[in-house]
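Asks: One structure, pasted below without further comment.
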Amino acid sequence: MADFPVIYERSRPGRRGAQPPRPREFDIEAAVGSENLREEAPRLPEVSELDLVRHYTQLAHRQFSIDANFYPLGSCTMKYNPKVNEEAARLFQDLHPYQAPETAQGALQLMYELQNDLAAITGMDAFSLQPAAGAHGELAGVLMIRAYHESRGEGDQRRVVIVPDSAHGTNPATAAMAGYEVREVPTDPSGEVDLAAFQAAMGPDVAAVMLTNPNTLGLFERKIRKLADTAHAAGALLYYDGANLNAILGRVRPGDMGFDVVHLNLHKTFTTPHGGGGPGTGRVGVKAKLRDFLPVPVIEKRGDEYVIDEDRPRSIGRMRSHFGNFGNLVRAYTYIRALGREGLREVSGHAVLNANYLRVKLKEIGFRVPFDRVNMHEFVAQPPEGMRTLDIAKALLDFGMHPMTVYFPLTVKEAMMIEPTETESLETLDAYVDALRQVLERAAEDPDYLANAPYETPVRRLDEVKAARQPVLRHRFGEQGAPGS
Amino acid sequence: MADFPVIYERSRPGRRGAQPPRPREFDIEAAVGSENLREEAPRLPEVSELDLVRHYTQLAHRQFSIDANFYPLGSCTMKYNPKVNEEAARLFQDLHPYQAPETAQGALQLMYELQNDLAAITGMDAFSLQPAAGAHGELAGVLMIRAYHESRGEGDQRRVVIVPDSAHGTNPATAAMAGYEVREVPTDPSGEVDLAAFQAAMGPDVAAVMLTNPNTLGLFERKIRKLADTAHAAGALLYYDGANLNAILGRVRPGDMGFDVVHLNLHKTFTTPHGGGGPGTGRVGVKAKLRDFLPVPVIEKRGDEYVIDEDRPRSIGRMRSHFGNFGNLVRAYTYIRALGREGLREVSGHAVLNANYLRVKLKEIGFRVPFDRVNMHEFVAQPPEGMRTLDIAKALLDFGMHPMTVYFPLTVKEAMMIEPTETESLETLDAYVDALRQVLERAAEDPDYLANAPYETPVRRLDEVKAARQPVLRHRFGEQGAPGS
Amino acid sequence: MRYHPHTPEDVARALEAIGVASIEELFDDLPHDLRDPEVDLPPGMDEAALLDHMRALAAKNSVGGPDFLGGGVRRHFIPSVTPHLALQSEFVTAYTPYQPEVSQGILQATFEYQSMMCELTGLDVSNASMYDGATATAEAALLAVRQTRRDRVMVSRGVHPETRAVLATYLHPLGVTLDVIDLDPLTTQRLEVPGDVAGVVVQQPNFLGYLEEMAAHTAAAHAAGALMIAVVDPLSLALLAPPGAYGADVAVGDGQTLGNPASYGGPSFGFMVVKEELLRQFPGRIVGQTTDVDGKRAFVLTLQAREQHIRRSRAKSNICTNHQLAALMATVNVGALGPQGLRDVAVGTAERSHALAARLQAGGMAPRTEARYFSEFVLPVSMEAAGVRSELARRGIHAGVPVPAEYGLGEAVLLSATERVRDEDMAALVGALSDMGVAQAREVAHG
Amino acid sequence: MRYHPHTPEDVARALEAIGVASIEELFDDLPHDLRDPEVDLPPGMDEAALLDHMRALAAKNSVGGPDFLGGGVRRHFIPSVTPHLALQSEFVTAYTPYQPEVSQGILQATFEYQSMMCELTGLDVSNASMYDGATATAEAALLAVRQTRRDRVMVSRGVHPETRAVLATYLHPLGVTLDVIDLDPLTTQRLEVPGDVAGVVVQQPNFLGYLEEMAAHTAAAHAAGALMIAVVDPLSLALLAPPGAYGADVAVGDGQTLGNPASYGGPSFGFMVVKEELLRQFPGRIVGQTTDVDGKRAFVLTLQAREQHIRRSRAKSNICTNHQLAALMATVNVGALGPQGLRDVAVGTAERSHALAARLQAGGMAPRTEARYFSEFVLPVSMEAAGVRSELARRGIHAGVPVPAEYGLGEAVLLSATERVRDEDMAALVGALSDMGVAQAREVAHG
Ligand SMILES: Cc1ncc(COP(=O)(O)O)c(C=O)c1O
Ligand SMILES: Cc1ncc(COP(=O)(O)O)c(C=O)c1O
């Protein structure tokens with residue numbers, strides 16, 4: 001079979017697709033100045049509307065997704081994204097961020113209510129809807145912590161952020177972007193933060209502790225209050241990475257556990273779609289003592305009117321333009337209001353149920369579970385001795401199932417991090433277990449089976465070394481003999 | 001691989017998907033009477049919303065379509081269905097057919113304008129938008145012809161409808177439904193209606209002649225005026241099957257050629273989607289002398305107001321409920337207004353260009369063309385001697401291309417009826433030719449290749465005899481050991 | 001706009017391959033003096049202008065607000081997931097699944113549709129869809145004529161007037177007599193079925209909304225050797241006795257209420273489900289289950305020898321293109337709601353309709369509730385019925401399908417409620433009707 | 001509503017397999033005294049009620065009507081085909097393409113996106129997207145700091161105020177100084193760039209809409225060894241000189257104008273395209289072309305050693321989830337329009353904006369046209385600028401982004417026009433402004 005063409009290879013000079021209004025007669029050179037005009041037209045694809053449709057429809061068929069495939073990517077909460085969210089989002093999509101606020105009261109009300117809903121859900125006092133993703137929320141949060149310490153004259157003294165060794169990469173990366181050094185603390189044999197090491201790491205130079213709870217091993221940090229007290233006693237603040245909030249929705253709140261700042265990934269817990277890599281949303285909430293530092297703008301209610309408050313002198317400033325990923329705020333709000341208090345609580349119950357079921361079933365067929373206790377919404381397994389997680393992942397593709405997260409957390413060898421979410425049926429989980437069982441069986445029968453998997457995918461194992469050593473990062477016009485080049 | 005499950009096999013008792021408003025307390029037995037209630041609940045699938053999404057998303061992936069595949073099904077005009085049509089249709093989808101006409105003036109205006117647009121395009125005097133498909137339009141048309149003859153006291157005398165032997169099956173079937181006998185006339189060596197036979201078949205017992213022009217061989221009936229004059233001289237009316245209008249849009253009009261009645265398949269020429277088998281739309285237009293017989297309702301303009309005219313005493317009556325497939329009328333209107341007069345004329349030009357290009361190219365690689373002359377929007381070919389059209393069709397599937405129409409018209413052995421339409425690029429046509437060339441090559445190399453094709457489709461050759469001999473026409477609960485049964 | 005992809009170079013290349021000098025030359029077979037007529041159409045538009053134009057047209061319609069319109073078309077709750085799935089472009093832009101290897105999507109969905117329709121109606125075999133309820137009813141009458149070789153059909157006036165009109169259109173050319181049986185006053189009374197009747201057509205609930213004694217009518221039809229054709233609202237079958245339960249031979253109807261938007265009356269789809277013994281006379285496409293060469297289960301169009309492309313003038317119907325996509329909407333919608341959801345919609349509809357009648361009564365009006373009804377009933381009014389509908393529309397309420405004079409009920413409108421109707425919508429309707437003075441209807445109608 | 005599928009039997013089966021007695025028991029690790037807090041949320045809603053609620057909220061916003069809002073976000077024509085294709089659920093509900101074998105859809109589309117962005121900007125390497133234009137600009141400044149190991153950044157006041165605010169937020173914790181260069185009065189004057197400057201950030205067209213002398217600014221930056229960071233409107237690049245042509249090292253900006261709806265300001269996407277030599281310091285995901293074991297061309301995430309999941313605290317940025325779907329919208333949209341269509345939109349935008357300025361002048365107003373502009377310009381007004389916007393909104397016209405006081409232009413608004421603006425829209429705006437007495441602005445502003 002021939003290579004699947006890139007859109008440029010379907011291009012023919014002069015061919016037109018969708019046609020915008022034809023511009024009226026106009027001397028563009030005179031208007032903007034010939035020195036400001038580009039000399040050569042950009043080489044962009046020239047395709048008919050039908051060829052465009054074929055191209056992107058066929059590309060869609062070359063893509064796994066929640067809607068077509070089980071997708072238990074650990075730490076990512078790949079749950080069902082309700083279609084009603086999309087319907088609701090369409091109702092708001094034509095609003096302009098600079099239209100007079102009187103003409104956007106519905107949008108502002110929605111954001112105001114969402115700020116309050118998220119505060120209620122997390123037990124925090126105030127929320128900002130600005131950040132564009134989890135990592136961006138982390139940055140906002142750590143910058144607020146920084147502003148807090150600066151406001152108390154401890155800005156120079158507190159140079160360090162503590163993160164567990166199992167933390168997601170964005171945590172240390174964020175701390176660095178916020179100008180902090182990172183101090184790692186190890187995991188103890190139960191899979192939780194090593195308390196002694198933590199206490200030893202703590203000191204007057206520590207600005208913050210970033211924790212995920214349940215942590216990235218899917219385990220609840222049972223000593224959380226001890227950790228919080230230790231941090232607070234040393235004057236450090238506690239940051240909650242909300243990527244795993246799905247596990248504890250309605251069961252226990254970060255604010256009640258002692259966290260001072262929390263970010264939420266609306267694209268995980270609150271069902272805004274992942275979009276093949278984004279846009280996400282990373283709302284950030286704080287305790288009252290940090291309220292003044294929230295990024296601008298914050299939506300306030302004054303009398304009956306919803307207003308955009310940008311005049312917050314102690315704010316850390318803006319994290320991005322406008323109000324945040326408003327379209328996703330609509331989706332998350334729709335989801336929260338659909339489920340309501342009880343519905344959200346059922347989410348965590350069934351997410352944890354599904355994850356534990358899968359853990360038990362995987363053990364039965366020979367996978368290893370390094371921290372074998374009741375887990376929360378996800379768990380980390382390992383393949384049977386001698387097998388590679390990567391191979392297992394590739395073999396699963398032939399079953400039409402997306403693999404788990406692989407090789408994370410870094411602290412577990414050959415880690416397979418599995419998060420089924422609450423929206424999957426037991427039958428789907430059983431099918432996954434059955435697929436993994438078949439993989440082990442075939443591997444036992446045929447020593448080459450795993451190394452050559454997958455067999456049925458549109459392309460098979462890729463040469464990633466070549467991709468990195470001889471990077472080709474854009475279409476090479478005319479270099480591939482392609483007709484469109 | 002296991003069978004792909006039917007939705008019932010994904011079902012579990014008590015599982016819920018989308019949830020409508022919960023009914024209030026209500027004594028349903030008292031209200032409607034227990035004797036009117038059903039005793040057992042219907043066995044309908046019980047699936048979660050996500051399982052439903054997976055099921056129908058995966059089914060969509062098991063389906064060829066214009067949007068993903070070249071689809072040159074002859075006689076069906078599988079051209080690009082513009083997305084803007086869908087956008088426009090959504091604007092009108094919530095209208096209720098019985099809302100006060102004052103509150104639906106936009107819809108009525110659209111229908112009124114469309115009646116006029118279609119009349120202008122076809123050279124007819126009046127149009128009805130009622131019929132639901134081509135065959136339904138045929139029935140409306142032939143019933144009007146019947147009413148016309150009855151109104152002239154010739155109802156009993158005229159018992160026959162003439163159709164060419166190459167006619168689409170709906171033509172004779174329609175004539176029979178309208179209470180007529182069918183008299184077939186043969187095709188002459190040039191691929192057109194045999195004039196002598198036609199003249200011989202004509203007589204005072206003939207009510208109508210049903211013609212497709214260009215005919216189902218893709219050839220223009222050059223003697224059309226002679227045929228028309230002959231029919232009219234005998235007091236018969238001329239019916240135009242508009243399935244092939246795409247060939248002559250803006251070039252010549254059925255009304256000008258002498259046709260008295262015409263139906264149009266909006267799902268062919270006017271880009272309303274085929275929907276996997278429908279809904280279509282079969283507008284029917286007439287010359288002034290038949291205007292009174294149009295089915296009700298007709299949309300009229302009175303002053304500034306658009307009104308629904310049902311009070312037409314000589315009408316053949318209703319063909320269906322309401323106004324027709326209104327949603328598709330919106331799409332067709334959108335298409336006509338997008339292209340305008342010049343645009344429509346370019347449609348036929350490029351449709352005919354593409355079809356002739358393909359004819360020439362297929363001949364080059366060894367296919368036979370029984371009527372080898374300039375064709376219109378489609379042409380009929382035959383495989384090289386000794387090969388079966390069915391096998392060629394099946395082999396094409398592996399190339400991701402939909403086959404042509406096969407074994408129609410019935411008058412050509414091993415007919416391959418190919419209609420590329422104007423929206424395909426030459427590159428796509430070249431790829432089709434190349435695929436056919438490869439099929440011939442492989443067939444020459446491997447005697448079993450054709451008989452076993454296709455190889456890559458989700459299912460392969462089906463046992464159609466078994467399907468008909470032991471019909472299984474609904475899900476068999478509990479008979480397949482399926483978990484959902 | 002233009003949707004063809006040809007550049008001037010493409011045209012030149014194609015012309016050269018064909019061996020002609022111009023596109024015009026390809027049309028040489030056309031009568032020269034008729035060529036290139038003046039076509040009275042406006043020039044084309046770009047997409048932005050086109051959408052502006054369509055939005056301006058749409059703005060001349062009014063939608064939304066309290067809704068009590070029925071008459072066979074109701075705006076029930078359709079979950080967002082339904083159109084999302086049914087309108088995937090793979091389904092929308094495919095055609096009849098003649099190549100089953102690459103059409104399992106539509107074929108299997110149609111098999112699922114057939115299975116659901118059998119369950120809802122309690123009958124044996126469903127086809128893949130017809131155009132609408134009215135044409136399905138007409139085709140059912142033709143089936144009865146073929147099956148019994150008789151040429152008289154009886155139809156209750158309770159069958160939707162538009163359906164009866166279509167019946168008349170279809171039966172007339174074949175010389176079949178159509179007898180209409182009156183209501184008395186709201187439902188069909190005991191039928192006397194003569195021995196030359198091919199089929200008896202009764203609608204449940206009838207056009208006015210009231211429930212017919214289907215078992216009795218079926219018995220009467222069968223006693224005369226006629227087929228019983230039940231015209232049913234498929235949504236009601238989540239709750240009401242299915243045609244199979246009272247012995248009907250054929251169930252037909254319009255599928256709009258199962259999950260298609262109102263769309264000003266079309267497209268929706270017609271359905272037809274019959275007893276197994278009628279299969280040979282059955283019109284329309286049917287999907288069957290079989291296996292492929294590898295033994296895998298697969299679906300295919302089957303029993304095609306009944307159809308026009310094989311049987312031509314002796315086909316069971318001329319139907320070719322049907323209403324597959326609308327049937328798919330219903331299939332997905334039934335899958336989305338499930339039996340409980342569908343029942344909830346039906347019960348909610350009944351509850352709201354009965355609540356509405358009670359409110360009207362409380363407001364001094366006299367809805368006709370002496371017969372049982374499901375989702376719709378008659379309200380006599382003291383002014384011209386169409387005027388009531390118009391006046392309500394001016395007040396932002398969509399309600400009041402006029403009851404035709406043939407029913408002998410005086411000026412009256414149909415009122416219907418779905419599960420979506422809120423208490424405040426009812427209050428608005430009752431308030432408006434009172435305000436308009438329609439409350440005097442009690443005297444007028446019964447006086 | 002509930003989206004989990006579990007029946008009571010499912011729960012029982014799972015609990016039994018796990019070996020616990022209840023779901024509650026699974027949460028035993030949680031601090032007992034903190035469990036099951038009172039969460040102040042309303043009860044859930046069914047889908048119909050939910051959509052009613054959302055529609056009621058949406059009805060409190062006003063959209064539609066003549067539109068002259070800009071400030072970096074414009075409502076250009078987006079053909080229907082764009083959202084149809086980009087929002088296919090396979091793209092919408094996938095995540096980061098970590099498994100390339102089953103993610104060629106997103107990977108290849110991203111490769112196409114990168115190629116298009118390179119073409120539009122005239123630079124060498126594009127990443128797969130950033131959050132928005134503001135954060136992309138901030139990341140570009142950080143890149144300059146890393147690359148040059150200097151700790152001062154210069155930014156023109158012509159850069160969007162919100163972008164500058166984000167720059168400040170990002171640079172402050174790292175101790176990088178941010179110098180703001182004034183406009184004089186509408187554009188950035190010749191720059192003096194000291195030798196300790198890492199990067200110079202200039203926006204083209206600037207926030208007020210006027211065209212900067214990018215070549216001169218680039219030369220000044222380069223003379224001081226600083227990187228030139230051009231903040232550009234990608235749509236304008238169909239027409240205007242690309243950053244690569246005037247020697248900029250980095251092009252950043254917001255992609256909204258390339259085919260994303262305004263969506264109250266988000267999500268759109270940020271883009272970042274750099275010269276090849278900056279690749280090692282480049283933040284964000286990148287897709288590269290390679291081959292698979294069968295020799296087929298295939299696409300994969302590459303050069304990941306720059307990213308947080310590998311490099312952790314030494315990553316080039318903390319970015320993980322980016323704005324892929326919005327970038328896909330742009331990719332499809334550029335494919336739909338092609339170079340000619342994109343140019344038509346850009347030319348139409350320029351023509352309409354200039355026509356608007358001329359009409360305002362003819363109406364006695366004094367738009368600031370002494371500098372060249374593309375799609376937007378300043379109109380001084382005789383009343384409070386935000387009040388002008390509100391009064392116009394009351395008249396059904398969306399126009400008049402207030403010009404911040406920092407520009408020293410007095411009370412003034414930005415006016416912008418796209419190719420979609422019709423003559424009658426302009427007449428409505430000019431009429432409304434005249435009616436409001438804003439015409440006196442000429443004297444006020446220049447007096
Ligand atoms: C534990 C954890 N923290 C942080 C993040 C970063 O969130 P985002 O990708 O939205 O920036 C992730 C996302 O994968 C995560 O799993
Ligand atoms: C020549 C011809 N006539 C009539 C028809 C029937 O039209 P429809 O399928 O819309 O009923 C067709 C459809 O395939 C056709 O090709």
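Ordering of the structure tokens sets the chain letters (A, B, ...), residue numbers begin anew at 1 in every chain, and ligands are numbered from 1 in the order given.
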Pick out the chain D residues within 7 Å of chain B. Count only C-alpha atoms. Give them as a list of chain:residue names.

Replies: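 Per the criterion, chain D yields D:Met1, D:Tyr3, D:Pro5, D:His6, D:Thr7, D:Asp46, D:Glu47, D:Ala48, D:Ser80, D:Val81.
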
Asks: Within 8 Å of ligand 2, which residues show up when you count only C-alpha atoms and all ligand atoms? List them as a PyMOL selection string, please.

Replies: (chain B and resi 74-76+132-138+167-171+212+215-216+241-244+265+267+278+280-282) or (chain C and resi 318-322)

Asks: In segment 38-249 of chain B, what's alpha helix (DSSP H) per DSSP? Answer as a PyMOL selection string?

Replies: chain B and resi 49-61+83-90+105-122+134-151+170-177+195-201+224-233

Asks: When the cut-off is 9 Å and we count only C-alpha atoms, which residues of chain A are near chain B, given as a list in words?

Replies: Met1, Arg10, Ser48, Glu49, Leu50, Asp51, Val53, Arg54, His55, Tyr56, Thr57, Gln58, His61, Ile66, Asp67, Ala68, Asn69, Phe70, Lys79, Tyr80, Asn81, Pro82, Phe399, Thr423, Glu424, Ser425, Glu427 and Thr428 of chain A

Asks: Fewer than 3 positions away in the same chain doesn't count, so skip those; otherwise give me all residues within 12 Å of Phe27 of chain C, counting only C-alpha atoms, as a PyMOL selection string.

Replies: (chain B and resi 214+219-222+247-252+345+348-353+356+373-377) or (chain C and resi 20-24+30-32+34-36)

Asks: Mind checking DSSP for segment 50-235 of chain B and telling me the strand (DSSP E) residues as a PyMOL selection string?

Replies: chain B and resi 126-128+160-164+181-185+206-212

Asks: Can you write just those residues out, all heavy atoms, as a short mmCIF file (atom, residue, chain, number, x, y, z; two decimals), in the first residue's frame?

Replies:
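Output below, filename selection_18.cif:
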data_model
loop_
_atom_site.label_atom_id
_atom_site.label_comp_id
_atom_site.auth_asym_id
_atom_site.auth_seq_id
_atom_site.Cartn_x
_atom_site.Cartn_y
_atom_site.Cartn_z
N ALA B 126 -44.99 24.22 -13.38
CA ALA B 126 -45.38 24.18 -11.97
C ALA B 126 -44.76 22.96 -11.31
O ALA B 126 -44.54 21.93 -11.97
CB ALA B 126 -46.89 24.12 -11.84
N PHE B 127 -44.53 23.08 -10.02
CA PHE B 127 -43.86 22.00 -9.31
C PHE B 127 -44.59 21.66 -8.02
O PHE B 127 -45.17 22.54 -7.37
CB PHE B 127 -42.42 22.39 -8.98
CG PHE B 127 -41.42 21.65 -9.82
CD1 PHE B 127 -41.05 22.12 -11.07
CD2 PHE B 127 -40.89 20.46 -9.37
CE1 PHE B 127 -40.15 21.42 -11.85
CE2 PHE B 127 -39.98 19.75 -10.15
CZ PHE B 127 -39.61 20.24 -11.40
N SER B 128 -44.52 20.40 -7.67
CA SER B 128 -44.94 19.97 -6.34
C SER B 128 -43.72 19.43 -5.63
O SER B 128 -42.90 18.72 -6.21
CB SER B 128 -45.97 18.85 -6.44
OG SER B 128 -46.03 18.17 -5.19
N VAL B 160 -51.82 1.66 -21.19
CA VAL B 160 -50.44 1.21 -21.34
C VAL B 160 -49.45 2.35 -21.07
O VAL B 160 -49.70 3.49 -21.43
CB VAL B 160 -50.22 0.67 -22.78
CG1 VAL B 160 -48.74 0.42 -23.06
CG2 VAL B 160 -51.04 -0.61 -22.98
N VAL B 161 -48.35 1.96 -20.44
CA VAL B 161 -47.21 2.88 -20.31
C VAL B 161 -46.01 2.23 -21.00
O VAL B 161 -45.72 1.04 -20.78
CB VAL B 161 -46.89 3.17 -18.84
CG1 VAL B 161 -45.54 3.86 -18.71
CG2 VAL B 161 -47.99 4.04 -18.22
N ILE B 162 -45.39 2.99 -21.87
CA ILE B 162 -44.21 2.48 -22.58
C ILE B 162 -42.95 2.83 -21.80
O ILE B 162 -42.78 3.98 -21.37
CB ILE B 162 -44.13 3.09 -24.00
CG1 ILE B 162 -45.31 2.55 -24.83
CG2 ILE B 162 -42.79 2.80 -24.66
CD1 ILE B 162 -45.31 3.04 -26.27
N VAL B 163 -42.09 1.84 -21.62
CA VAL B 163 -40.76 2.11 -21.04
C VAL B 163 -39.72 1.39 -21.88
O VAL B 163 -39.97 0.30 -22.40
CB VAL B 163 -40.64 1.64 -19.57
CG1 VAL B 163 -41.65 2.34 -18.67
CG2 VAL B 163 -40.77 0.14 -19.45
N PRO B 164 -38.55 1.97 -22.00
CA PRO B 164 -37.46 1.29 -22.71
C PRO B 164 -36.98 0.08 -21.90
O PRO B 164 -37.16 0.04 -20.68
CB PRO B 164 -36.35 2.34 -22.78
CG PRO B 164 -36.96 3.63 -22.35
CD PRO B 164 -38.16 3.31 -21.53
N GLU B 181 -50.59 -1.21 -17.67
CA GLU B 181 -49.75 -2.26 -18.21
C GLU B 181 -48.47 -1.64 -18.74
O GLU B 181 -48.45 -0.48 -19.14
CB GLU B 181 -50.43 -2.92 -19.42
CG GLU B 181 -51.54 -3.85 -19.07
CD GLU B 181 -52.44 -4.04 -20.28
OE1 GLU B 181 -51.91 -4.14 -21.42
OE2 GLU B 181 -53.67 -4.04 -20.09
N VAL B 182 -47.42 -2.44 -18.76
CA VAL B 182 -46.13 -1.94 -19.22
C VAL B 182 -45.81 -2.54 -20.58
O VAL B 182 -45.96 -3.73 -20.80
CB VAL B 182 -45.03 -2.30 -18.21
CG1 VAL B 182 -43.66 -1.94 -18.76
CG2 VAL B 182 -45.30 -1.61 -16.89
N ARG B 183 -45.43 -1.70 -21.52
CA ARG B 183 -44.98 -2.17 -22.82
C ARG B 183 -43.53 -1.74 -23.00
O ARG B 183 -43.22 -0.55 -22.93
CB ARG B 183 -45.86 -1.54 -23.91
CG ARG B 183 -45.63 -2.09 -25.31
CD ARG B 183 -46.69 -1.56 -26.28
NE ARG B 183 -48.03 -2.06 -25.97
CZ ARG B 183 -49.17 -1.46 -26.37
NH1 ARG B 183 -49.12 -0.34 -27.09
NH2 ARG B 183 -50.35 -1.97 -26.06
N GLU B 184 -42.66 -2.73 -23.17
CA GLU B 184 -41.23 -2.42 -23.26
C GLU B 184 -40.81 -2.21 -24.70
O GLU B 184 -41.23 -2.96 -25.59
CB GLU B 184 -40.42 -3.57 -22.68
CG GLU B 184 -39.65 -3.16 -21.45
CD GLU B 184 -38.80 -4.29 -20.88
OE1 GLU B 184 -38.14 -5.00 -21.66
OE2 GLU B 184 -38.84 -4.44 -19.66
N VAL B 185 -39.95 -1.22 -24.92
CA VAL B 185 -39.37 -1.06 -26.26
C VAL B 185 -37.87 -1.28 -26.17
O VAL B 185 -37.24 -0.93 -25.18
CB VAL B 185 -39.68 0.33 -26.87
CG1 VAL B 185 -41.16 0.45 -27.20
CG2 VAL B 185 -39.23 1.45 -25.96
N VAL B 206 -52.04 4.03 -25.42
CA VAL B 206 -50.87 4.42 -24.62
C VAL B 206 -51.18 5.70 -23.85
O VAL B 206 -51.60 6.70 -24.43
CB VAL B 206 -49.64 4.62 -25.52
CG1 VAL B 206 -48.46 5.12 -24.69
CG2 VAL B 206 -49.28 3.30 -26.21
N ALA B 207 -50.96 5.61 -22.55
CA ALA B 207 -51.17 6.78 -21.69
C ALA B 207 -49.91 7.62 -21.60
O ALA B 207 -49.98 8.86 -21.60
CB ALA B 207 -51.58 6.32 -20.30
N ALA B 208 -48.78 6.97 -21.52
CA ALA B 208 -47.55 7.71 -21.27
C ALA B 208 -46.34 6.93 -21.74
O ALA B 208 -46.37 5.70 -21.87
CB ALA B 208 -47.40 8.01 -19.77
N VAL B 209 -45.29 7.68 -21.98
CA VAL B 209 -43.97 7.12 -22.24
C VAL B 209 -43.07 7.62 -21.14
O VAL B 209 -43.03 8.82 -20.86
CB VAL B 209 -43.43 7.59 -23.60
CG1 VAL B 209 -42.05 7.00 -23.84
CG2 VAL B 209 -44.39 7.24 -24.71
N MET B 210 -42.37 6.72 -20.48
CA MET B 210 -41.42 7.12 -19.43
C MET B 210 -40.01 7.00 -19.99
O MET B 210 -39.57 5.92 -20.37
CB MET B 210 -41.57 6.23 -18.20
CG MET B 210 -42.95 6.32 -17.56
SD MET B 210 -43.08 5.30 -16.04
CE MET B 210 -42.35 6.39 -14.82
N LEU B 211 -39.32 8.12 -20.00
CA LEU B 211 -37.95 8.11 -20.52
C LEU B 211 -37.00 8.73 -19.53
O LEU B 211 -37.36 9.63 -18.77
CB LEU B 211 -37.88 8.90 -21.83
CG LEU B 211 -38.57 8.31 -23.07
CD1 LEU B 211 -38.41 9.28 -24.24
CD2 LEU B 211 -37.95 6.96 -23.43
N THR B 212 -35.77 8.26 -19.61
CA THR B 212 -34.67 8.88 -18.88
C THR B 212 -33.76 9.44 -19.96
O THR B 212 -33.44 8.72 -20.90
CB THR B 212 -33.93 7.81 -18.05
OG1 THR B 212 -34.90 7.01 -17.39
CG2 THR B 212 -33.01 8.42 -17.03
#

Asks: Excluding segment 296-310 of chain B and residues on its chain fewer than 4 positions from it, collect all residues at most 8 Å away from it, counting only C-alpha atoms, and give them as a list in words.

Replies: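 Listing them by chain and then by number gives Pro101, Gln105, Leu108, Gln109, Met111, Tyr112, Ser128, Leu129, Gln130, Ser315, Ile316, Gly317, Arg318, Met319, His322 and Phe323 of chain B.
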
Asks: Using only C-alpha atoms, determine which residues of chain D fall within 10 Å of chain C; present them as a ChimeraX atom specification.

Replies: /D:47-49,51-52,76-80,84-85,88-89,419-420,422

Asks: Taking 6 positions as the minimum chain separation for residues in the same chain, which residues sit within 12 Å of Ala435 of chain A when counting only C-alpha atoms? Answer as a list in words.

Replies: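 Near neighbours after the sequence-gap exclusion: Phe70, Leu362, Ile365, Ile392, Ala393, Lys394, Ala395, Leu396, Leu397, Asp398, Phe399, Gly400, Met401, His402, Pro403, Thr428, Leu429, Glu441 and Arg442 of chain A; Met1 and Ala2 of chain B.
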
Asks: Mind checking which residues fall within 12 Å of Val73 of chain D, counting only C-alpha atoms, ignoring those fewer than 4 positions away in the same chain, and posting them as number ranges by chain?

Replies: A: 94-99, 321-322; D: 67-69, 132-133, 160, 207, 233-235, 253-269, 375-376, 401, 415-418

Asks: For a test of reading the model, state the distance in Å between atom CA of Ser156 of chain D and atom CA of Asp182 of chain D, rounded to one decimal.

Replies: 6.4 Å
